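Text of the file protein_4.cif, holding mmCIF, C-alpha atoms:
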data_final
loop_
_atom_site.label_atom_id
_atom_site.label_comp_id
_atom_site.auth_asym_id
_atom_site.auth_seq_id
_atom_site.Cartn_x
_atom_site.Cartn_y
_atom_site.Cartn_z
CA MET A 1 37.80 34.34 -85.84
CA ASN A 2 38.36 36.54 -88.88
CA ASN A 3 40.85 34.97 -91.26
CA SER A 4 41.34 38.11 -93.37
CA ALA A 5 43.75 39.71 -90.93
CA THR A 6 46.41 42.23 -91.89
CA PRO A 7 49.87 40.65 -92.38
CA LEU A 8 51.62 41.10 -89.06
CA SER A 9 54.63 42.66 -90.74
CA LYS A 10 52.39 45.66 -91.50
CA VAL A 11 51.39 46.29 -87.87
CA ASP A 12 53.16 49.38 -86.51
CA SER A 13 51.56 49.81 -83.09
CA ILE A 14 49.68 48.03 -80.31
CA ILE A 15 47.01 49.60 -78.11
CA PHE A 16 46.40 47.71 -74.85
CA ASP A 17 43.46 47.27 -72.56
CA MET A 18 44.40 47.19 -68.87
CA ASP A 19 42.19 44.92 -66.74
CA GLY A 20 42.23 41.29 -67.79
CA THR A 21 44.97 42.02 -70.33
CA LEU A 22 47.95 43.45 -68.42
CA TRP A 23 46.93 42.70 -64.83
CA ASP A 24 44.23 41.48 -62.46
CA ALA A 25 43.37 44.19 -59.93
CA VAL A 26 39.80 43.06 -59.22
CA PRO A 27 40.40 42.31 -55.49
CA SER A 28 41.63 45.89 -55.09
CA TYR A 29 38.70 47.30 -57.05
CA CYS A 30 36.35 45.36 -54.76
CA ALA A 31 38.03 47.05 -51.79
CA VAL A 32 37.52 50.47 -53.40
CA TRP A 33 33.85 49.79 -54.16
CA ASN A 34 33.19 48.41 -50.70
CA ALA A 35 34.86 51.38 -49.01
CA THR A 36 32.65 53.71 -51.04
CA ILE A 37 29.49 51.72 -50.33
CA ALA A 38 30.25 51.94 -46.60
CA GLN A 39 30.95 55.67 -46.75
CA MET A 40 27.74 56.32 -48.68
CA ARG A 41 25.82 54.07 -46.26
CA LEU A 42 24.17 52.14 -49.05
CA SER A 43 22.24 49.00 -48.13
CA ARG A 44 24.22 46.60 -50.25
CA LYS A 45 26.26 43.54 -49.33
CA PRO A 46 30.01 43.76 -50.09
CA VAL A 47 30.93 43.48 -53.76
CA GLU A 48 32.60 40.16 -54.52
CA TYR A 49 35.27 39.22 -57.06
CA ASN A 50 33.03 37.28 -59.45
CA GLU A 51 30.43 40.06 -59.52
CA LEU A 52 32.95 42.66 -60.55
CA VAL A 53 34.77 40.41 -63.03
CA ALA A 54 31.51 39.98 -64.95
CA LEU A 55 31.31 43.77 -65.37
CA MET A 56 34.92 44.54 -66.23
CA GLY A 57 35.41 46.73 -69.28
CA LYS A 58 32.17 48.66 -68.89
CA PRO A 59 32.09 52.37 -68.02
CA LEU A 60 31.84 52.99 -64.29
CA ALA A 61 28.32 54.41 -64.54
CA GLU A 62 27.12 51.12 -66.03
CA ILE A 63 28.93 49.14 -63.35
CA PHE A 64 27.23 51.26 -60.70
CA ASP A 65 23.80 50.58 -62.19
CA ALA A 66 24.48 46.84 -62.26
CA LEU A 67 25.86 46.62 -58.72
CA ILE A 68 23.77 49.19 -56.88
CA GLY A 69 20.62 49.26 -58.98
CA PRO A 70 18.23 52.08 -59.89
CA THR A 71 18.66 55.20 -57.78
CA GLU A 72 18.52 58.96 -58.10
CA ALA A 73 21.02 60.48 -60.51
CA THR A 74 22.40 62.69 -57.73
CA VAL A 75 23.16 59.61 -55.62
CA ARG A 76 25.01 57.94 -58.48
CA GLU A 77 26.99 61.11 -59.22
CA ALA A 78 27.94 61.50 -55.55
CA PHE A 79 28.93 57.83 -55.34
CA LEU A 80 31.15 57.99 -58.42
CA ARG A 81 32.84 61.15 -57.15
CA GLU A 82 33.63 59.38 -53.89
CA LEU A 83 34.68 56.26 -55.77
CA PHE A 84 37.26 58.26 -57.74
CA VAL A 85 38.63 59.74 -54.49
CA ASN A 86 38.92 56.29 -52.93
CA GLU A 87 40.45 54.79 -56.06
CA ASP A 88 43.11 57.48 -56.22
CA ALA A 89 43.85 56.99 -52.52
CA LEU A 90 43.85 53.18 -52.44
CA MET A 91 44.97 51.87 -55.84
CA PRO A 92 48.52 53.27 -55.73
CA ARG A 93 48.96 51.17 -52.56
CA LEU A 94 46.81 48.11 -53.35
CA GLY A 95 47.54 47.82 -57.07
CA GLY A 96 47.07 44.56 -58.91
CA LYS A 97 48.93 41.47 -60.08
CA LEU A 98 50.63 41.67 -63.46
CA TYR A 99 50.18 38.65 -65.68
CA PRO A 100 53.37 36.63 -66.20
CA GLU A 101 56.12 38.16 -68.36
CA VAL A 102 54.32 41.45 -69.04
CA GLU A 103 57.35 43.68 -68.50
CA ALA A 104 59.74 41.47 -70.47
CA THR A 105 57.26 41.18 -73.33
CA LEU A 106 56.61 44.92 -73.51
CA GLN A 107 60.37 45.49 -73.63
CA ARG A 108 60.79 43.05 -76.53
CA LEU A 109 57.88 44.58 -78.44
CA GLN A 110 59.28 48.07 -77.97
CA MET A 111 62.75 46.94 -79.04
CA ALA A 112 61.18 45.46 -82.18
CA GLY A 113 60.00 48.96 -83.12
CA LEU A 114 56.32 48.66 -82.19
CA ARG A 115 54.74 51.76 -80.69
CA LEU A 116 52.74 51.00 -77.54
CA TYR A 117 49.64 52.72 -76.13
CA MET A 118 46.81 52.07 -73.67
CA VAL A 119 43.05 52.72 -73.84
CA SER A 120 40.72 51.76 -70.98
CA ASN A 121 37.19 52.46 -69.79
CA CYS A 122 38.50 53.29 -66.31
CA SER A 123 38.53 56.56 -64.37
CA SER A 124 40.66 59.48 -65.47
CA ASP A 125 43.54 58.42 -63.18
CA GLY A 126 43.09 54.67 -63.60
CA LEU A 127 45.88 54.20 -66.11
CA ASN A 128 48.17 56.62 -64.28
CA ASN A 129 47.64 54.59 -61.09
CA PHE A 130 48.48 51.41 -63.01
CA LEU A 131 51.65 52.91 -64.48
CA ARG A 132 52.81 54.33 -61.15
CA PHE A 133 52.23 51.04 -59.34
CA THR A 134 53.90 48.85 -61.97
CA GLY A 135 56.64 51.22 -63.11
CA LEU A 136 55.82 50.51 -66.77
CA SER A 137 55.20 54.09 -67.96
CA HIS A 138 58.39 54.19 -70.08
CA PHE A 139 56.94 51.61 -72.47
CA PHE A 140 53.87 53.64 -73.48
CA GLU A 141 53.77 56.74 -75.67
CA ASP A 142 50.30 57.79 -74.54
CA THR A 143 47.11 56.62 -72.84
CA LEU A 144 43.41 57.55 -72.93
CA THR A 145 40.55 56.68 -70.59
CA TYR A 146 36.79 56.96 -70.51
CA GLY A 147 37.18 59.12 -67.42
CA GLU A 148 39.21 61.68 -69.35
CA THR A 149 37.11 61.91 -72.50
CA GLY A 150 33.66 60.55 -71.62
CA ALA A 151 33.97 58.49 -74.82
CA ASP A 152 33.97 54.72 -75.29
CA LYS A 153 37.00 52.78 -76.49
CA ASP A 154 36.32 53.03 -80.21
CA VAL A 155 36.47 56.84 -80.06
CA ASN A 156 39.59 56.84 -77.89
CA ILE A 157 41.31 54.29 -80.13
CA LEU A 158 40.60 56.49 -83.15
CA THR A 159 41.85 59.55 -81.27
CA LEU A 160 45.23 57.93 -80.65
CA LYS A 161 45.35 56.59 -84.20
CA LYS A 162 44.85 60.07 -85.61
CA ARG A 163 47.02 61.86 -83.03
CA TYR A 164 50.07 59.71 -83.77
CA ASN A 165 49.35 58.90 -87.43
CA LEU A 166 49.26 55.18 -86.71
CA GLN A 167 48.95 53.25 -89.95
CA ARG A 168 48.28 49.67 -88.78
CA PRO A 169 47.45 49.54 -85.06
CA VAL A 170 45.87 46.56 -83.35
CA TYR A 171 44.07 46.49 -80.00
CA VAL A 172 44.68 43.82 -77.35
CA GLY A 173 41.80 43.12 -74.97
CA ASP A 174 39.99 40.29 -73.27
CA ILE A 175 36.21 40.78 -73.46
CA ARG A 176 33.56 41.00 -76.17
CA ARG A 177 33.04 44.72 -75.61
CA ASP A 178 36.75 45.24 -76.38
CA ALA A 179 36.33 43.37 -79.66
CA ASP A 180 33.21 45.32 -80.59
CA SER A 181 34.87 48.67 -79.85
CA THR A 182 38.01 47.67 -81.74
CA HIS A 183 36.07 46.71 -84.85
CA ALA A 184 33.92 49.85 -84.56
CA ALA A 185 37.19 51.78 -84.76
CA GLY A 186 38.05 49.89 -87.95
CA ILE A 187 41.11 48.08 -86.66
CA GLU A 188 41.94 44.47 -85.78
CA PHE A 189 41.54 42.76 -82.43
CA VAL A 190 43.91 40.51 -80.51
CA TRP A 191 41.99 38.46 -77.95
CA ALA A 192 43.76 37.85 -74.63
CA ALA A 193 42.09 34.50 -73.99
CA TYR A 194 43.58 34.25 -70.46
CA GLY A 195 41.54 37.29 -69.34
CA PHE A 196 38.01 37.81 -68.05
CA GLY A 197 35.77 37.15 -71.06
CA GLN A 198 34.85 34.96 -74.00
CA VAL A 199 35.24 36.37 -77.52
CA ASP A 200 34.37 34.81 -80.88
CA ASP A 201 35.09 37.70 -83.25
CA TYR A 202 38.83 38.29 -83.27
CA GLU A 203 41.68 38.38 -85.77
CA TYR A 204 44.41 37.02 -83.48
CA ARG A 205 44.44 35.11 -80.20
CA ILE A 206 47.01 34.89 -77.42
CA ASP A 207 46.81 32.38 -74.56
CA ARG A 208 49.49 34.11 -72.50
CA PHE A 209 50.83 37.65 -72.71
CA SER A 210 54.25 36.51 -73.93
CA ASP A 211 52.57 35.04 -77.05
CA LEU A 212 52.67 38.58 -78.46
CA VAL A 213 56.39 38.21 -79.08
CA ASN A 214 55.88 35.30 -81.46
CA LEU A 215 52.74 36.84 -82.93
CA PHE A 216 54.60 39.96 -84.04
CA LYS A 217 57.98 38.33 -84.63
#
Represent the structure of the file as structure tokens.
Amino acid sequence: MNNSATPLSKVDSIIFDMDGTLWDAVPSYCAVWNATIAQMRLSRKPVEYNELVALMGKPLAEIFDALIGPTEATVREAFLRELFVNEDALMPRLGGKLYPEVEATLQRLQMAGLRLYMVSNCSSDGLNNFLRFTGLSHFFEDTLTYGETGADKDVNILTLKKRYNLQRPVYVGDIRRDADSTHAAGIEFVWAAYGFGQVDDYEYRIDRFSDLVNLFK
């Protein structure tokens, strides 16, 4: 943990990760991957929860390489195209499970004057699917994904920071890659310790989502 954190009174905005931070949709993602594997007739056993959890936060191309293994680039491209189609068809119906008190906490943060955003390494419609399923779109000023920009989280965090002239944003995520990307963007990291990963390098820690209210009180 870094003890030289910015005084919380100076923080003006929060950028959120999605998976492992706001909700757990891994069972639904497994269904999407397994539907695509079946359609592509790949010789691979069904993807299981623990396998996918270990890969959460990585770009989809990296997840493909880890789950499916080395293959021709054309096969991977075709698979990911079909995966996006299946995700857009299935996720609005399957969705995920919000962590406790997410909506109430977002409301209190917004009422306190904090500007709220989302950045994720998901597909271009991943965050839109999340917002449609949960009905939380009115809390967030903007979102960016790897699928939209082809860039990792540090670049997308900096894009939002510049676009909205954010002076003291923090990023809330749950895995080491989130922390690394946050620090690469030059801002501070809030570790959601209830999520999918273990992180040592963070400025703030929350053990439940509602802890954000007291953190930024």
How close does each residue of stretch 60-150 of chain A get to stretch 173-187 of chain A, giving the shortest atom pair and distance in Å to one decimal for every residue with an atom at most 12 Å away, counting only C-alpha atoms, sorted by chain and residue number, as JSON lines?
{"residue": "A:Met118", "atom": "CA", "partner": "A:Gly173", "partner_atom": "CA", "distance": 10.3}
{"residue": "A:Val119", "atom": "CA", "partner": "A:Gly173", "partner_atom": "CA", "distance": 9.7}
{"residue": "A:Ser120", "atom": "CA", "partner": "A:Asp178", "partner_atom": "CA", "distance": 9.4}
{"residue": "A:Asn121", "atom": "CA", "partner": "A:Asp178", "partner_atom": "CA", "distance": 9.8}
Next on the checklist: Env of A:Lys10: 12 Å cut, atoms = all atoms listed in the file, seq-sep filter 6 positions within chain, self excluded. Answer as a PyMOL selection string.
Outcome noted: chain A and resi 113-114+166-170+188+216-217
Item to check | Counting all atoms listed in the file, the option among A:Phe139, A:Pro70, A:Ala89, A:Pro46 closest to A:Leu109 | outcome: A:Phe139
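A distance cut-off of 9 Å around (56.5, 44.7, -67.2), counting all atoms listed in the file, selects these protein and nucleic acid residues: Leu22, Leu98, Tyr99, Pro100, Glu101, Val102, Glu103, Ala104, Thr105, Leu106, Gln107, Thr134, Gly135, Leu136 and Phe139 of chain A.
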Checklist entry - Which residue, A:Met40, A:Val85, A:Val32, A:Cys122, has the smallest gap to A:Ala61 when you use only C-alpha atoms? => result A:Cys122
For the file shown, what are the residues hit by the PyMOL selection byres ((chain A and resi 127) around 12), laid out as a short mmCIF file (atom, residue, chain, number, x, y, z; two decimals) with C-alpha atoms, in the coordinates of the input?
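out.cif, written as the output of this step:
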data_model
loop_
_atom_site.label_atom_id
_atom_site.label_comp_id
_atom_site.auth_asym_id
_atom_site.auth_seq_id
_atom_site.Cartn_x
_atom_site.Cartn_y
_atom_site.Cartn_z
CA PHE A 16 46.40 47.71 -74.85
CA ASP A 17 43.46 47.27 -72.56
CA MET A 18 44.40 47.19 -68.87
CA ASP A 19 42.19 44.92 -66.74
CA LEU A 22 47.95 43.45 -68.42
CA TRP A 23 46.93 42.70 -64.83
CA GLU A 87 40.45 54.79 -56.06
CA ASP A 88 43.11 57.48 -56.22
CA MET A 91 44.97 51.87 -55.84
CA PRO A 92 48.52 53.27 -55.73
CA GLY A 95 47.54 47.82 -57.07
CA TYR A 117 49.64 52.72 -76.13
CA MET A 118 46.81 52.07 -73.67
CA VAL A 119 43.05 52.72 -73.84
CA SER A 120 40.72 51.76 -70.98
CA ASN A 121 37.19 52.46 -69.79
CA CYS A 122 38.50 53.29 -66.31
CA SER A 123 38.53 56.56 -64.37
CA SER A 124 40.66 59.48 -65.47
CA ASP A 125 43.54 58.42 -63.18
CA GLY A 126 43.09 54.67 -63.60
CA ASN A 128 48.17 56.62 -64.28
CA ASN A 129 47.64 54.59 -61.09
CA PHE A 130 48.48 51.41 -63.01
CA LEU A 131 51.65 52.91 -64.48
CA ARG A 132 52.81 54.33 -61.15
CA PHE A 133 52.23 51.04 -59.34
CA THR A 134 53.90 48.85 -61.97
CA GLY A 135 56.64 51.22 -63.11
CA LEU A 136 55.82 50.51 -66.77
CA SER A 137 55.20 54.09 -67.96
CA PHE A 140 53.87 53.64 -73.48
CA ASP A 142 50.30 57.79 -74.54
CA THR A 143 47.11 56.62 -72.84
CA LEU A 144 43.41 57.55 -72.93
CA THR A 145 40.55 56.68 -70.59
CA TYR A 146 36.79 56.96 -70.51
CA GLY A 147 37.18 59.12 -67.42
CA GLU A 148 39.21 61.68 -69.35
#
Item to check | Best match for closeness to A:Gln39 among A:Val155, A:Val11, A:Val26, A:Leu83, counting only C-alpha atoms | outcome: A:Leu83
Could stretch 106-120 of chain A be completed with N, CA and C atoms and returned as a PDB file, keeping the file's coordinate frame?
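Once written, part09.pdb looks like this:
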ATOM      1  N   LEU A 106      56.711  43.530 -73.049  1.00  0.00           N
ATOM      2  CA  LEU A 106      56.610  44.920 -73.510  1.00  0.00           C
ATOM      3  C   LEU A 106      57.977  45.420 -73.970  1.00  0.00           C
ATOM      4  N   GLN A 107      59.017  45.055 -73.249  1.00  0.00           N
ATOM      5  CA  GLN A 107      60.370  45.490 -73.630  1.00  0.00           C
ATOM      6  C   GLN A 107      60.741  44.931 -75.008  1.00  0.00           C
ATOM      7  N   ARG A 108      60.439  43.663 -75.247  1.00  0.00           N
ATOM      8  CA  ARG A 108      60.790  43.050 -76.530  1.00  0.00           C
ATOM      9  C   ARG A 108      59.964  43.651 -77.673  1.00  0.00           C
ATOM     10  N   LEU A 109      58.704  43.955 -77.412  1.00  0.00           N
ATOM     11  CA  LEU A 109      57.880  44.580 -78.440  1.00  0.00           C
ATOM     12  C   LEU A 109      58.398  45.973 -78.777  1.00  0.00           C
ATOM     13  N   GLN A 110      58.752  46.719 -77.758  1.00  0.00           N
ATOM     14  CA  GLN A 110      59.280  48.070 -77.970  1.00  0.00           C
ATOM     15  C   GLN A 110      60.603  48.010 -78.732  1.00  0.00           C
ATOM     16  N   MET A 111      61.464  47.076 -78.364  1.00  0.00           N
ATOM     17  CA  MET A 111      62.750  46.940 -79.040  1.00  0.00           C
ATOM     18  C   MET A 111      62.577  46.518 -80.503  1.00  0.00           C
ATOM     19  N   ALA A 112      61.467  45.856 -80.806  1.00  0.00           N
ATOM     20  CA  ALA A 112      61.180  45.460 -82.180  1.00  0.00           C
ATOM     21  C   ALA A 112      60.631  46.611 -83.015  1.00  0.00           C
ATOM     22  N   GLY A 113      60.443  47.778 -82.380  1.00  0.00           N
ATOM     23  CA  GLY A 113      60.000  48.960 -83.120  1.00  0.00           C
ATOM     24  C   GLY A 113      58.517  49.216 -83.076  1.00  0.00           C
ATOM     25  N   LEU A 114      57.765  48.432 -82.303  1.00  0.00           N
ATOM     26  CA  LEU A 114      56.320  48.660 -82.190  1.00  0.00           C
ATOM     27  C   LEU A 114      56.052  49.784 -81.197  1.00  0.00           C
ATOM     28  N   ARG A 115      55.129  50.666 -81.563  1.00  0.00           N
ATOM     29  CA  ARG A 115      54.740  51.760 -80.690  1.00  0.00           C
ATOM     30  C   ARG A 115      53.593  51.287 -79.807  1.00  0.00           C
ATOM     31  N   LEU A 116      53.663  51.582 -78.504  1.00  0.00           N
ATOM     32  CA  LEU A 116      52.740  51.000 -77.540  1.00  0.00           C
ATOM     33  C   LEU A 116      51.909  52.089 -76.857  1.00  0.00           C
ATOM     34  N   TYR A 117      50.602  51.796 -76.705  1.00  0.00           N
ATOM     35  CA  TYR A 117      49.640  52.720 -76.130  1.00  0.00           C
ATOM     36  C   TYR A 117      48.666  51.948 -75.240  1.00  0.00           C
ATOM     37  N   MET A 118      47.849  52.694 -74.484  1.00  0.00           N
ATOM     38  CA  MET A 118      46.810  52.070 -73.670  1.00  0.00           C
ATOM     39  C   MET A 118      45.507  52.854 -73.804  1.00  0.00           C
ATOM     40  N   VAL A 119      44.391  52.129 -73.857  1.00  0.00           N
ATOM     41  CA  VAL A 119      43.050  52.720 -73.840  1.00  0.00           C
ATOM     42  C   VAL A 119      42.201  51.858 -72.914  1.00  0.00           C
ATOM     43  N   SER A 120      41.541  52.500 -71.941  1.00  0.00           N
ATOM     44  CA  SER A 120      40.720  51.760 -70.980  1.00  0.00           C
ATOM     45  C   SER A 120      39.467  52.545 -70.639  1.00  0.00           C
TER      46      SER A 120
END
